[in-house]
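Asks: Here's a structure for you.
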Amino acid sequence: MEKKLLTVNDSRIAYIETGEPSAPPVLLLHGFPETSLMWEAIVPTLQKNGYRAIAPDLPGFGQSEPMRQASTWENYIDFITRFLDALRIADVHLVVHDWGGLIGLRWACDHSARVKSLVLSSFTFSLDYEWHELAQAFRTPQKGEAVFKQLAENKELWQERMRTLIPAVTREQLTDFYGIYKSPESRRVALELYRSGDLDKLVPYQEKLKQMECPVTVISGEMDMFVPVSFASSFQDLIAHANIHKLPDAGHFVYMEQTEIVSGIIADHFVKMNLGGKPMNT
């Protein structure tokens with residue numbers, strides 16, 4: 001899909017946009033090591049059902065330039081506000097995955113009046129979560145740099161691993177995703193993000209989540225090796241009205257592994273909840 005360019009706080013940001021400009025906007029936030037291309041199979045569902053899909057490459061990922069300031073969790077949250085303001089979008093439906101969830105849900109809690117609904121997948125806000133082994137390596141000084149350098153120097157091995165995790169991944173997607181590894185500068189972006197990810201920062205958000213009143217759908221893969229499926233249920237402890245979907249044959253990358261099923265769940269989220277879209281005539 002062709003990406004557009006927008007300058008946000010002096011950084012050039014690449015993003016995908018489909019649908020009518022007047023349609024209700026849906027902001028899609030990817031995780032690590034992905035880019036906006038992870039949403040290729042999902043945005044047609046949104047467009048078909050009368051929504052405007054907007055998916056940025058987060059700063060430093062894909063074809064977007066890094067932020068001028070440090071690539072911390074907090075600065076990515078601030079980026080969401082600046083990005084939407086640059087597009088003159090007041091409120092959004094939010095669809096998130098992995099780090100996009102950690103960034104997007106904190107933003108949503110801080111700007112609940114701007115959030116119309118939430119679709120959450122493959123991440124957790126639980127204070128009981130422990131970073132998986134690879135994330136722990138990224139968060140460790142020197143060790144993280146060494147791991148990233150090793151991954152950068154073994155592109156073919158990395159691609160093979162990604163194809164194992166996401167059998168349907170395309171060559172274009174792999175090339176785009178690999179951008180975060182390609183240089184010391186891009187690798188610094190990911191290391192700064194992971195090292196800012198102290199989960200005790202989520203303490204004040206536990207109560208904020210309980211106050212979220214918008215429609216919420218949670219999608220989790222039962223074979224997720226990075227965020228165990230048990231954490232999906234924890235959202236219902238925080239957001240009692242959340243609709244939980246656990247996919248038995250999916251891992252971490254649910255949107256790309258179980259595209260047809262997830263597209264159906266997303267269509268149900270938007271159509272059955274009557275969230276404002278006007279479906280296209282077929």
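Ordered as shown in the structure tokens, chains take letters A, B, and onward, while each chain numbers its residues from 1 and ligands are numbered from 1 in the order shown.
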Can you tell me, as a PyMOL selection string, what residues are no more than 9 Å from stretch 256-258 of chain A when counting only C-alpha atoms, ignoring any on the same chain fewer than 5 positions away?
Replies: chain A and resi 38-42+165-169+247+249-251+263
Asks: Using C-alpha atoms, can you write the selected residues to a file as a CSV table (one decimal), in the first residue's frame?
Replies:
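File again-v7.csv, as written:
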chain,number,residue,atom,x,y,z
A,38,MET,CA,0.9,-5.1,9.2
A,39,TRP,CA,-2.6,-3.6,8.8
A,40,GLU,CA,-2.8,-4.3,5.0
A,41,ALA,CA,-5.4,-7.0,5.3
A,42,ILE,CA,-7.5,-5.2,8.0
A,165,LEU,CA,5.9,-16.8,13.4
A,166,ILE,CA,3.8,-15.3,10.5
A,167,PRO,CA,3.6,-17.7,7.6
A,168,ALA,CA,1.5,-15.3,5.5
A,169,VAL,CA,4.0,-12.4,5.9
A,247,LEU,CA,-8.1,-17.5,19.1
A,249,ASP,CA,-4.7,-21.3,16.6
A,250,ALA,CA,-3.1,-17.9,16.7
A,251,GLY,CA,0.1,-16.6,18.2
A,263,SER,CA,-11.5,-9.1,10.1
Asks: Based on the backbone DSSP call, show me all residues of stretch 45-86 of chain A assigned alpha helix (DSSP H), as a tab-separated table (two decimals) with all heavy atoms, in the first residue's frame.
Replies:
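Here's the written file states10.tsv:
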chain	number	residue	atom	x	y	z
A	45	THR	N	-11.43	-3.93	5.46
A	45	THR	CA	-12.63	-4.19	6.25
A	45	THR	C	-13.18	-2.90	6.82
A	45	THR	O	-14.40	-2.66	6.81
A	45	THR	CB	-12.32	-5.18	7.39
A	45	THR	OG1	-11.94	-6.42	6.85
A	45	THR	CG2	-13.53	-5.37	8.31
A	46	LEU	N	-12.29	-2.04	7.32
A	46	LEU	CA	-12.73	-0.77	7.88
A	46	LEU	C	-13.32	0.13	6.79
A	46	LEU	O	-14.38	0.74	6.97
A	46	LEU	CB	-11.55	-0.08	8.56
A	46	LEU	CG	-10.99	-0.81	9.78
A	46	LEU	CD1	-9.68	-0.19	10.23
A	46	LEU	CD2	-12.00	-0.79	10.92
A	47	GLN	N	-12.64	0.20	5.66
A	47	GLN	CA	-13.12	1.03	4.56
A	47	GLN	C	-14.48	0.54	4.06
A	47	GLN	O	-15.40	1.34	3.83
A	47	GLN	CB	-12.11	1.04	3.42
A	47	GLN	CG	-12.51	1.95	2.26
A	47	GLN	CD	-11.43	2.01	1.19
A	47	GLN	OE1	-10.41	1.34	1.28
A	47	GLN	NE2	-11.66	2.82	0.17
A	48	LYS	N	-14.62	-0.78	3.90
A	48	LYS	CA	-15.87	-1.36	3.42
A	48	LYS	C	-17.04	-1.02	4.33
A	48	LYS	O	-18.18	-0.83	3.88
A	48	LYS	CB	-15.71	-2.87	3.31
A	48	LYS	CG	-16.97	-3.61	2.85
A	48	LYS	CD	-16.73	-5.11	2.80
A	48	LYS	CE	-18.00	-5.86	2.42
A	48	LYS	NZ	-17.78	-7.33	2.38
A	73	TRP	N	8.67	5.79	25.84
A	73	TRP	CA	7.25	5.48	25.92
A	73	TRP	C	6.44	6.78	25.98
A	73	TRP	O	5.47	6.97	25.23
A	73	TRP	CB	7.02	4.63	27.17
A	73	TRP	CG	5.72	3.93	27.30
A	73	TRP	CD1	4.63	4.00	26.47
A	73	TRP	CD2	5.36	3.01	28.35
A	73	TRP	NE1	3.62	3.20	26.94
A	73	TRP	CE2	4.04	2.58	28.08
A	73	TRP	CE3	6.04	2.52	29.46
A	73	TRP	CZ2	3.39	1.69	28.92
A	73	TRP	CZ3	5.39	1.62	30.29
A	73	TRP	CH2	4.07	1.20	30.03
A	74	GLU	N	6.83	7.68	26.87
A	74	GLU	CA	6.10	8.93	27.06
A	74	GLU	C	6.12	9.79	25.80
A	74	GLU	O	5.11	10.42	25.45
A	74	GLU	CB	6.69	9.71	28.24
A	74	GLU	CG	6.42	9.10	29.60
A	74	GLU	CD	7.24	7.84	29.87
A	74	GLU	OE1	8.31	7.66	29.22
A	74	GLU	OE2	6.84	7.02	30.72
A	75	ASN	N	7.24	9.84	25.11
A	75	ASN	CA	7.32	10.66	23.90
A	75	ASN	C	6.50	10.07	22.75
A	75	ASN	O	5.99	10.81	21.90
A	75	ASN	CB	8.77	10.88	23.49
A	75	ASN	CG	9.48	11.87	24.39
A	75	ASN	OD1	8.84	12.72	25.02
A	75	ASN	ND2	10.79	11.78	24.47
A	76	TYR	N	6.37	8.74	22.72
A	76	TYR	CA	5.49	8.14	21.73
A	76	TYR	C	4.02	8.46	22.03
A	76	TYR	O	3.21	8.67	21.12
A	76	TYR	CB	5.68	6.62	21.66
A	76	TYR	CG	6.82	6.21	20.75
A	76	TYR	CD1	8.05	5.83	21.26
A	76	TYR	CD2	6.66	6.20	19.37
A	76	TYR	CE1	9.10	5.46	20.44
A	76	TYR	CE2	7.70	5.83	18.52
A	76	TYR	CZ	8.91	5.47	19.06
A	76	TYR	OH	9.95	5.11	18.23
A	77	ILE	N	3.67	8.50	23.30
A	77	ILE	CA	2.31	8.89	23.67
A	77	ILE	C	2.04	10.32	23.22
A	77	ILE	O	0.99	10.62	22.64
A	77	ILE	CB	2.11	8.76	25.20
A	77	ILE	CG1	2.20	7.28	25.62
A	77	ILE	CG2	0.77	9.34	25.63
A	77	ILE	CD1	2.33	7.07	27.11
A	78	ASP	N	3.01	11.20	23.43
A	78	ASP	CA	2.87	12.59	22.99
A	78	ASP	C	2.78	12.66	21.46
A	78	ASP	O	2.04	13.50	20.91
A	78	ASP	CB	4.06	13.41	23.49
A	78	ASP	CG	3.97	14.87	23.07
A	78	ASP	OD1	3.03	15.55	23.51
A	78	ASP	OD2	4.84	15.32	22.30
A	79	PHE	N	3.49	11.77	20.77
A	79	PHE	CA	3.44	11.74	19.31
A	79	PHE	C	2.02	11.50	18.82
A	79	PHE	O	1.58	12.10	17.81
A	79	PHE	CB	4.37	10.66	18.76
A	79	PHE	CG	4.07	10.29	17.33
A	79	PHE	CD1	4.47	11.12	16.29
A	79	PHE	CD2	3.35	9.13	17.03
A	79	PHE	CE1	4.16	10.79	14.97
A	79	PHE	CE2	3.04	8.80	15.72
A	79	PHE	CZ	3.44	9.63	14.69
A	80	ILE	N	1.27	10.62	19.48
A	80	ILE	CA	-0.10	10.33	19.04
A	80	ILE	C	-0.92	11.61	19.02
A	80	ILE	O	-1.65	11.89	18.05
A	80	ILE	CB	-0.77	9.29	19.96
A	80	ILE	CG1	0.03	7.98	19.99
A	80	ILE	CG2	-2.20	9.02	19.51
A	80	ILE	CD1	0.31	7.38	18.65
A	81	THR	N	-0.82	12.42	20.06
A	81	THR	CA	-1.55	13.69	20.10
A	81	THR	C	-1.11	14.59	18.96
A	81	THR	O	-1.95	15.17	18.25
A	81	THR	CB	-1.31	14.40	21.44
A	81	THR	OG1	-1.78	13.56	22.51
A	81	THR	CG2	-2.05	15.73	21.49
A	82	ARG	N	0.19	14.71	18.75
A	82	ARG	CA	0.70	15.59	17.71
A	82	ARG	C	0.30	15.10	16.31
A	82	ARG	O	-0.02	15.89	15.43
A	82	ARG	CB	2.22	15.70	17.82
A	82	ARG	CG	2.69	16.42	19.08
A	82	ARG	CD	4.22	16.45	19.15
A	82	ARG	NE	4.70	17.09	20.36
A	82	ARG	CZ	4.93	18.41	20.48
A	82	ARG	NH1	4.71	19.19	19.43
A	82	ARG	NH2	5.37	18.91	21.60
A	83	PHE	N	0.32	13.79	16.11
A	83	PHE	CA	-0.05	13.22	14.82
A	83	PHE	C	-1.52	13.49	14.50
A	83	PHE	O	-1.86	13.95	13.40
A	83	PHE	CB	0.23	11.72	14.84
A	83	PHE	CG	-0.13	10.99	13.57
A	83	PHE	CD1	0.62	11.16	12.41
A	83	PHE	CD2	-1.21	10.11	13.54
A	83	PHE	CE1	0.30	10.48	11.24
A	83	PHE	CE2	-1.53	9.42	12.38
A	83	PHE	CZ	-0.78	9.61	11.22
A	84	LEU	N	-2.40	13.24	15.46
A	84	LEU	CA	-3.82	13.49	15.23
A	84	LEU	C	-4.10	14.97	15.04
A	84	LEU	O	-4.92	15.36	14.19
A	84	LEU	CB	-4.64	12.94	16.40
A	84	LEU	CG	-4.67	11.41	16.54
A	84	LEU	CD1	-5.45	11.02	17.78
A	84	LEU	CD2	-5.28	10.76	15.30
A	85	ASP	N	-3.42	15.79	15.81
A	85	ASP	CA	-3.63	17.24	15.66
A	85	ASP	C	-3.15	17.72	14.29
A	85	ASP	O	-3.78	18.60	13.69
A	85	ASP	CB	-2.90	18.00	16.77
A	85	ASP	CG	-3.56	17.81	18.14
A	85	ASP	OD1	-4.67	17.24	18.19
A	85	ASP	OD2	-2.96	18.24	19.15
A	86	ALA	N	-2.05	17.14	13.80
A	86	ALA	CA	-1.55	17.52	12.48
A	86	ALA	C	-2.55	17.15	11.38
A	86	ALA	O	-2.65	17.85	10.36
A	86	ALA	CB	-0.20	16.85	12.21
Asks: When you count only C-alpha atoms, which of these residues is closest to A:Asp91: A:Leu120, A:Ala23, A:Ala135, A:Met162?
Replies: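 Using only C-alpha atoms, the shortest distance to A:Asp91 belongs to A:Ala23.
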Asks: Neighbouring residues of A:Cys214 were defined as those with any atom within 8 Å, considering only C-alpha atoms; residues of the same chain fewer than 3 positions away were excluded. Please report them as JSON, numbers by chain.
Replies: {"A": [115, 116, 117, 118]}
Asks: Output the selection as an mmCIF file, in the first residue's frame - N, CA, C and O atoms for each residue.
Replies:
data_model
loop_
_atom_site.group_PDB
_atom_site.id
_atom_site.type_symbol
_atom_site.label_atom_id
_atom_site.label_comp_id
_atom_site.auth_asym_id
_atom_site.auth_seq_id
_atom_site.Cartn_x
_atom_site.Cartn_y
_atom_site.Cartn_z
ATOM 1 N N VAL A 115 -11.664 9.267 22.522
ATOM 2 C CA VAL A 115 -11.679 7.852 22.136
ATOM 3 C C VAL A 115 -13.108 7.342 22.031
ATOM 4 O O VAL A 115 -13.856 7.354 23.008
ATOM 5 N N LYS A 116 -13.477 6.867 20.833
ATOM 6 C CA LYS A 116 -14.825 6.379 20.578
ATOM 7 C C LYS A 116 -14.973 4.886 20.864
ATOM 8 O O LYS A 116 -16.045 4.423 21.251
ATOM 9 N N SER A 117 -13.919 4.127 20.626
ATOM 10 C CA SER A 117 -13.930 2.691 20.935
ATOM 11 C C SER A 117 -12.510 2.172 20.879
ATOM 12 O O SER A 117 -11.603 2.844 20.367
ATOM 13 N N LEU A 118 -12.313 0.950 21.392
ATOM 14 C CA LEU A 118 -10.986 0.343 21.471
ATOM 15 C C LEU A 118 -11.021 -1.102 20.970
ATOM 16 O O LEU A 118 -11.925 -1.863 21.317
#
Asks: Do a neighbour search on A:Asp176 at 12 Å with only C-alpha atoms, toss out local chain neighbours closer than 4 positions, and write the hits as a list in words.
Replies: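 Residues near the query, excluding close chain neighbours: Met1, Lys3, Ala14, Phe32, Pro33, Glu34, Thr35, Ser36, Leu37, Met38, Asp57, Gly60, Phe61, Gly62, Gln63, Ser64, Gln159, Val169, Thr170, Arg171, Glu172, Ile180, Tyr181 and Lys182 of chain A.
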Asks: Kindly save the residues from that selection, with N, CA, C and O atoms included, as a tab-separated table (two decimals), in the first residue's frame.
Replies:
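Listing of part-v9.tsv after writing:
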chain	number	residue	atom	x	y	z
A	1	MET	N	0.84	-1.19	0.00
A	1	MET	CA	0.00	0.00	0.00
A	1	MET	C	0.88	1.24	0.00
A	1	MET	O	1.90	1.29	0.67
A	3	LYS	N	2.25	4.77	0.90
A	3	LYS	CA	2.25	5.57	2.12
A	3	LYS	C	2.29	7.06	1.79
A	3	LYS	O	2.92	7.49	0.83
A	14	ALA	N	5.63	8.57	7.86
A	14	ALA	CA	4.93	7.86	6.81
A	14	ALA	C	3.67	7.21	7.40
A	14	ALA	O	3.68	6.74	8.54
A	32	PHE	N	6.21	-3.81	17.79
A	32	PHE	CA	7.59	-4.09	17.40
A	32	PHE	C	7.67	-5.50	16.82
A	32	PHE	O	7.11	-6.43	17.41
A	33	PRO	N	8.38	-5.69	15.72
A	33	PRO	CA	9.15	-4.73	14.93
A	33	PRO	C	8.38	-4.24	13.71
A	33	PRO	O	8.97	-3.90	12.69
A	34	GLU	N	7.07	-4.18	13.82
A	34	GLU	CA	6.22	-4.00	12.65
A	34	GLU	C	6.18	-2.54	12.16
A	34	GLU	O	6.84	-1.67	12.72
A	35	THR	N	5.36	-2.33	11.13
A	35	THR	CA	5.09	-1.00	10.59
A	35	THR	C	3.61	-0.97	10.23
A	35	THR	O	2.87	-1.93	10.47
A	36	SER	N	3.20	0.10	9.60
A	36	SER	CA	1.80	0.23	9.17
A	36	SER	C	1.38	-0.88	8.21
A	36	SER	O	0.19	-1.19	8.09
A	37	LEU	N	2.35	-1.51	7.54
A	37	LEU	CA	2.00	-2.56	6.58
A	37	LEU	C	1.39	-3.79	7.23
A	37	LEU	O	0.79	-4.63	6.55
A	38	MET	N	1.52	-3.92	8.57
A	38	MET	CA	0.89	-5.06	9.23
A	38	MET	C	-0.63	-5.01	9.11
A	38	MET	O	-1.30	-6.02	9.26
A	57	ASP	N	3.52	4.66	10.41
A	57	ASP	CA	4.75	4.03	10.88
A	57	ASP	C	5.18	4.84	12.09
A	57	ASP	O	5.46	6.05	11.96
A	60	GLY	N	10.68	6.31	13.74
A	60	GLY	CA	11.84	5.42	13.77
A	60	GLY	C	11.58	4.05	13.19
A	60	GLY	O	12.53	3.29	12.95
A	61	PHE	N	10.33	3.71	12.93
A	61	PHE	CA	9.96	2.43	12.35
A	61	PHE	C	9.62	2.63	10.87
A	61	PHE	O	9.14	3.69	10.47
A	62	GLY	N	9.85	1.57	10.08
A	62	GLY	CA	9.45	1.63	8.68
A	62	GLY	C	10.08	2.79	7.95
A	62	GLY	O	11.30	2.96	7.94
A	63	GLN	N	9.25	3.63	7.37
A	63	GLN	CA	9.72	4.76	6.58
A	63	GLN	C	9.61	6.09	7.32
A	63	GLN	O	9.80	7.15	6.73
A	64	SER	N	9.31	6.04	8.61
A	64	SER	CA	9.22	7.27	9.41
A	64	SER	C	10.56	7.61	10.04
A	64	SER	O	11.29	6.73	10.50
A	159	GLN	N	14.57	-13.20	8.99
A	159	GLN	CA	13.43	-13.35	8.09
A	159	GLN	C	12.82	-14.75	8.21
A	159	GLN	O	11.59	-14.90	8.21
A	169	VAL	N	3.31	-13.68	6.03
A	169	VAL	CA	3.99	-12.40	5.87
A	169	VAL	C	4.55	-12.29	4.46
A	169	VAL	O	5.05	-13.26	3.88
A	170	THR	N	4.46	-11.09	3.87
A	170	THR	CA	4.95	-10.87	2.51
A	170	THR	C	6.38	-10.35	2.53
A	170	THR	O	6.88	-9.87	3.55
A	171	ARG	N	7.04	-10.43	1.38
A	171	ARG	CA	8.40	-9.92	1.26
A	171	ARG	C	8.44	-8.42	1.54
A	171	ARG	O	9.36	-7.92	2.19
A	172	GLU	N	7.44	-7.70	1.05
A	172	GLU	CA	7.38	-6.25	1.27
A	172	GLU	C	7.25	-5.93	2.75
A	172	GLU	O	7.91	-5.02	3.27
A	180	ILE	N	13.87	-1.39	11.38
A	180	ILE	CA	14.25	-1.05	12.75
A	180	ILE	C	15.61	-1.62	13.13
A	180	ILE	O	16.25	-1.18	14.08
A	181	TYR	N	16.10	-2.60	12.37
A	181	TYR	CA	17.38	-3.25	12.67
A	181	TYR	C	18.55	-2.70	11.85
A	181	TYR	O	19.71	-2.96	12.18
A	182	LYS	N	18.29	-1.97	10.81
A	182	LYS	CA	19.28	-1.76	9.75
A	182	LYS	C	20.45	-0.86	10.11
A	182	LYS	O	21.49	-0.91	9.46
Asks: Give me, please, the distance in Å between atom CA of A:Ser122 and atom CA of A:Asn154, quoted to one decimal.
Replies: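 Separation of atom CA of A:Ser122 and atom CA of A:Asn154: 26.2 Å.
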Asks: Counting only C-alpha atoms, which of A:Ile103, A:Val189, A:Val96, A:Leu238 gets nearest to A:Phe138?
Replies: A:Val189
Asks: I'd like the contact shell of A:His97 - 7 Å cut-off, only C-alpha atoms, skipping same-chain residues fewer than 4 positions apart - returned as an mmCIF file with C-alpha atoms, in the first residue's frame.
Replies:
data_model
loop_
_atom_site.group_PDB
_atom_site.id
_atom_site.type_symbol
_atom_site.label_atom_id
_atom_site.label_comp_id
_atom_site.auth_asym_id
_atom_site.auth_seq_id
_atom_site.Cartn_x
_atom_site.Cartn_y
_atom_site.Cartn_z
ATOM 1 C CA LEU A 29 -0.991 1.500 15.982
ATOM 2 C CA HIS A 30 1.500 -1.270 15.246
ATOM 3 C CA GLY A 31 3.987 -2.896 17.598
ATOM 4 C CA GLY A 101 -1.212 -1.062 22.749
ATOM 5 C CA LEU A 120 -6.856 -4.257 21.823
ATOM 6 C CA SER A 121 -4.594 -7.193 20.970
ATOM 7 C CA SER A 122 -1.420 -9.004 21.975
ATOM 8 C CA PHE A 123 -0.346 -6.863 24.916
#
Asks: For A:Val26, work out the shell of residues within 8 Å, counting only C-alpha atoms and skipping chain neighbours fewer than 4 positions away, then give it as number ranges by chain.
Replies: A: 51-54, 92-95
Asks: Ranking A:Phe270, A:Tyr178, A:Tyr15, A:Trp131 by minimum distance to A:Leu151 and counting only C-alpha atoms, which one comes first?
Replies: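 Closest candidate: A:Tyr178.
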Asks: Considering only strand (DSSP E or B) as DSSP defines it on the backbone, what residues of stretch 93-165 of chain A qualify? List them as JSON, numbers by chain.
Replies: {"A": [93, 94, 95, 96, 97, 115, 116, 117, 118, 119, 120, 121]}
Asks: For the atom pair atom CA of A:Arg161 and atom CA of A:Ile13, what is the interatomic distance in Å to one decimal place?
Replies: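 These atoms are spaced 27.9 Å apart.
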Asks: Using only C-alpha atoms, find the one residue out of A:Val271, A:Val8, A:Ala70, A:Leu127 that sits nearest to A:Leu199.
Replies: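 Closest candidate: A:Leu127.
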Asks: As an exercise, work out the distance from atom CA of A:Ile261 to atom CA of A:Asn49 in Å and give it to one decimal place.
Replies: 16.0 Å
Asks: Give me the residues within 10 Å of A:Lys208 as a list of chain:residue names, counting only C-alpha atoms and dropping any in the same chain fewer than 6 places off.
Replies: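 Residues meeting the cut-off are A:Arg106, A:Ala108, A:Cys109, A:Asp110, A:Ser112, A:Leu202, A:Leu238, A:Ile239.
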Asks: Those same residues - N, CA and C atoms - I'd like them written as a short mmCIF file (atom, residue, chain, number, x, y, z; two decimals), in the first residue's frame.
Replies:
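File produced: again16.cif:
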data_model
loop_
_atom_site.label_atom_id
_atom_site.label_comp_id
_atom_site.auth_asym_id
_atom_site.auth_seq_id
_atom_site.Cartn_x
_atom_site.Cartn_y
_atom_site.Cartn_z
N ARG A 106 -2.37 3.94 27.03
CA ARG A 106 -2.04 5.04 27.95
C ARG A 106 -2.56 6.36 27.40
N ALA A 108 -5.09 6.72 25.40
CA ALA A 108 -6.54 6.69 25.49
C ALA A 108 -7.02 7.03 26.90
N CYS A 109 -6.32 6.51 27.90
CA CYS A 109 -6.70 6.80 29.28
C CYS A 109 -6.54 8.28 29.60
N ASP A 110 -5.51 8.90 29.03
CA ASP A 110 -5.25 10.31 29.28
C ASP A 110 -6.12 11.22 28.44
N SER A 112 -9.51 10.28 27.22
CA SER A 112 -10.69 9.41 27.03
C SER A 112 -11.81 10.10 26.25
N LEU A 202 2.33 1.96 34.96
CA LEU A 202 0.93 1.63 34.71
C LEU A 202 0.06 1.70 35.97
N LEU A 238 -10.46 -5.05 34.61
CA LEU A 238 -10.29 -3.61 34.55
C LEU A 238 -11.40 -2.93 33.76
N ILE A 239 -11.86 -3.60 32.70
CA ILE A 239 -12.93 -3.06 31.85
C ILE A 239 -14.00 -4.14 31.78
#
